[in-house]
Amino acid sequence: MMKQILATLLIMVCLISCDKDNDNISPPVISAPIVKLNATYEVNITEDITYAEGLSHDSWNSANNSVIPLEMDSYVPDNNLQNRPLLMLIHGGAFYGGSKQQDALVNMANYYASRGFVVFSIDYRLRDHTGTIPQEWIDASSDIPPANHEQLFAMYPAHRDAKAALRWIIANADNYHINTDYITVGGGSAGAITSIGLGVSELGDYKDEISLSEDNTLSTTNFSQTYEVQTILDFWGSNVSIEILESIYGYQRFDSNDPALFITHGTEDPTVPFSSAEDLKTICETNEIDFVYYPLEGKGHGPWGATVNGKSLSDLSFDFIVENQNLNVE
């Protein structure tokens with residue numbers, strides 16, 4: 001019996017010693033992802049991945065509704081790397097139209113995936129889907145820009161869906177070998193507005209305002225997942241969806257912890273005024289948010305083919321992400 005007791009004590013001492021030794025072992029350091037300066041990899045494209053479901057009402061918040069799938073396309077580099085950065089693209093279309101297969105976004109998705117990023121291009125509910133919106137949005141609509149209330153209402157499900165898409169990606173990041181410390185979101189026009197709304201607002205914004213009892217499709221949106229966006233690509237967008245949160249709820253969301261912001265905008269834009277870019281520049285300066293600012297002289301709305309000092313918008317945004325995320329470039 002004494003031998004058994006001594007043996008047990010020796011095992012306990014060993015376990016304690018081992019635990020102490022393990023306490024001094026630091027977790028392995030994962031270096032920043034490696035991306036390529038030039039197109040290097042073949043790109044594997046998978047279309048129409050369902051990332052969540054959403055309600056489509058006959059009219060805003062009506063009892064008559066149907067459940068629709070929300071879909072995205074993936075662009076994955078054909079390599080064996082286990083440490084990849086993420087880019088999620090959001091199409092424009094004034095919250096009335098547009099598609100994840102918009103030519104400019106398909107081109108940008110291939111540009112980034114061929115250099116080592118995992119890219120997703122998402123669809124979301126548009127005006128004609130009449131998604132569920134918080135009652136306080138309806139109550140406050142007469143006091144909130146834009147004057148087009150239909151466009152205003154469409155912003156809520158668009159943002160709700162974009163956040164759900166990013167949460168799905170986070171939930172499935174291991175399957176794509178995505179390093180979730182390196183997240184970029186971006187888009188043009190309404191997609192830029194939504195990207196800014198997603199990256200700057202808090203996790204519960206555009207999500208917690210509606211309960212499961214009001215919209216049971218929320219249960220499909222991986223709402224327990226969290227994320228932190230590192231960089232935002234704003235192609236001729238604005239901060240209107242953040243202004244709406246301030247107007248309705250009194251939230252102040254811009255601060256020095258916000259993601260770095262890439263701003264580019266045509267100076268002759270008739271759709272989203274160039275002053276929106278100037279406002280964002282001022283917000284970044286005031287809140288000490290890292291940013292770059294490229295006014296596109298004489299350009300209108302959606303000048304995807306524009307260049308600055310001989311560089312395309314994809315080249316400029318790539319440089320911006322690499323610098324702000326300290327990616328390794330080969």
# chains A, B, ... in the order shown; residues from 1 in each chain; ligands from 1
>>> residues_around(residues="Glu228 of chain A", least_positions_apart="5", cutoff="12 Å", atoms="only C-alpha atoms", output="list of chain:residue names")
A:Leu86, A:Lys163, A:Leu166, A:Arg167, A:Ile170, A:Asn179, A:Thr180, A:Asp181, A:Tyr182, A:Ile183, A:Thr184, A:Val185, A:Leu198, A:Gly199, A:Val200, A:Ser201, A:Glu202, A:Leu203, A:Asn257, A:Asp258, A:Pro259, A:Ala260
>>> residues_around(residues="Ala113 of chain A", least_positions_apart="5", cutoff="8 Å", atoms="only C-alpha atoms", output="NGL selection string")
:A and (41 or 43 or 75-77 or 118-119)
>>> select_by_dssp(residues="segment 127-295 of chain A", states="alpha helix (DSSP H)", output="PyMOL selection string")
chain A and resi 135-140+149-171+173-176+190-200+240-249+275-287
>>> write_last_selection(atoms="C-alpha atoms", output="JSON list (two decimals), in the first residue's frame")
[["chain", "number", "residue", "atom", "x", "y", "z"],
["A", 135, "GLN", "CA", -40.15, 49.14, -36.34],
["A", 136, "GLU", "CA", -38.05, 52.06, -35.12],
["A", 137, "TRP", "CA", -36.73, 52.50, -38.67],
["A", 138, "ILE", "CA", -40.28, 52.88, -39.94],
["A", 139, "ASP", "CA", -41.18, 55.25, -37.10],
["A", 140, "ALA", "CA", -38.15, 57.47, -37.76],
["A", 149, "HIS", "CA", -37.78, 55.62, -47.83],
["A", 150, "GLU", "CA", -37.79, 52.45, -49.92],
["A", 151, "GLN", "CA", -34.02, 52.75, -50.34],
["A", 152, "LEU", "CA", -33.61, 53.52, -46.66],
["A", 153, "PHE", "CA", -35.61, 50.45, -45.64],
["A", 154, "ALA", "CA", -33.66, 48.23, -48.06],
["A", 155, "MET", "CA", -30.40, 49.17, -46.32],
["A", 156, "TYR", "CA", -31.31, 47.25, -43.18],
["A", 157, "PRO", "CA", -31.68, 43.73, -44.63],
["A", 158, "ALA", "CA", -28.71, 44.40, -46.93],
["A", 159, "HIS", "CA", -26.49, 45.11, -43.93],
["A", 160, "ARG", "CA", -28.02, 42.28, -41.91],
["A", 161, "ASP", "CA", -27.26, 39.86, -44.75],
["A", 162, "ALA", "CA", -23.71, 41.11, -45.34],
["A", 163, "LYS", "CA", -22.93, 40.57, -41.67],
["A", 164, "ALA", "CA", -24.47, 37.10, -41.86],
["A", 165, "ALA", "CA", -22.27, 36.33, -44.86],
["A", 166, "LEU", "CA", -19.13, 37.32, -42.99],
["A", 167, "ARG", "CA", -20.18, 35.27, -39.97],
["A", 168, "TRP", "CA", -20.69, 32.24, -42.25],
["A", 169, "ILE", "CA", -17.18, 32.72, -43.61],
["A", 170, "ILE", "CA", -15.77, 32.92, -40.08],
["A", 171, "ALA", "CA", -17.66, 29.76, -39.11],
["A", 173, "ALA", "CA", -12.77, 29.60, -42.16],
["A", 174, "ASP", "CA", -10.88, 26.37, -41.44],
["A", 175, "ASN", "CA", -12.32, 24.76, -44.56],
["A", 176, "TYR", "CA", -10.73, 27.52, -46.66],
["A", 190, "ALA", "CA", -24.18, 50.55, -52.21],
["A", 191, "GLY", "CA", -21.59, 47.81, -51.67],
["A", 192, "ALA", "CA", -19.16, 50.39, -50.30],
["A", 193, "ILE", "CA", -21.86, 51.84, -48.05],
["A", 194, "THR", "CA", -22.55, 48.34, -46.73],
["A", 195, "SER", "CA", -18.83, 47.59, -46.32],
["A", 196, "ILE", "CA", -18.36, 50.72, -44.23],
["A", 197, "GLY", "CA", -21.49, 49.90, -42.25],
["A", 198, "LEU", "CA", -20.25, 46.37, -41.63],
["A", 199, "GLY", "CA", -16.70, 47.33, -40.70],
["A", 200, "VAL", "CA", -17.42, 50.36, -38.53],
["A", 240, "VAL", "CA", -24.89, 56.95, -44.62],
["A", 241, "SER", "CA", -25.58, 53.63, -42.87],
["A", 242, "ILE", "CA", -23.52, 54.75, -39.88],
["A", 243, "GLU", "CA", -25.33, 58.11, -39.89],
["A", 244, "ILE", "CA", -28.64, 56.22, -39.76],
["A", 245, "LEU", "CA", -27.55, 54.38, -36.62],
["A", 246, "GLU", "CA", -26.66, 57.70, -35.05],
["A", 247, "SER", "CA", -29.93, 59.31, -36.09],
["A", 248, "ILE", "CA", -32.19, 56.48, -34.84],
["A", 249, "TYR", "CA", -30.27, 55.16, -31.84],
["A", 275, "SER", "CA", -18.62, 65.30, -50.91],
["A", 276, "SER", "CA", -19.28, 61.86, -49.38],
["A", 277, "ALA", "CA", -15.61, 60.98, -49.92],
["A", 278, "GLU", "CA", -14.54, 64.31, -48.48],
["A", 279, "ASP", "CA", -16.72, 63.67, -45.42],
["A", 280, "LEU", "CA", -15.14, 60.25, -44.91],
["A", 281, "LYS", "CA", -11.66, 61.76, -45.22],
["A", 282, "THR", "CA", -12.55, 64.31, -42.52],
["A", 283, "ILE", "CA", -13.99, 61.58, -40.29],
["A", 284, "CYS", "CA", -10.76, 59.58, -40.62],
["A", 285, "GLU", "CA", -8.62, 62.61, -39.84],
["A", 286, "THR", "CA", -10.77, 63.58, -36.84],
["A", 287, "ASN", "CA", -10.81, 60.07, -35.37]]
>>> closest_residue(among="A:Ile122, A:Leu212, A:Ile321, A:Leu316", to="Ser74 of chain A", atoms="only C-alpha atoms")
A:Ile122
>>> closest_residue(among="A:Gly116, A:Gly54, A:Pro295, A:Pro69", to="Leu37 of chain A", atoms="only C-alpha atoms")
A:Gly116
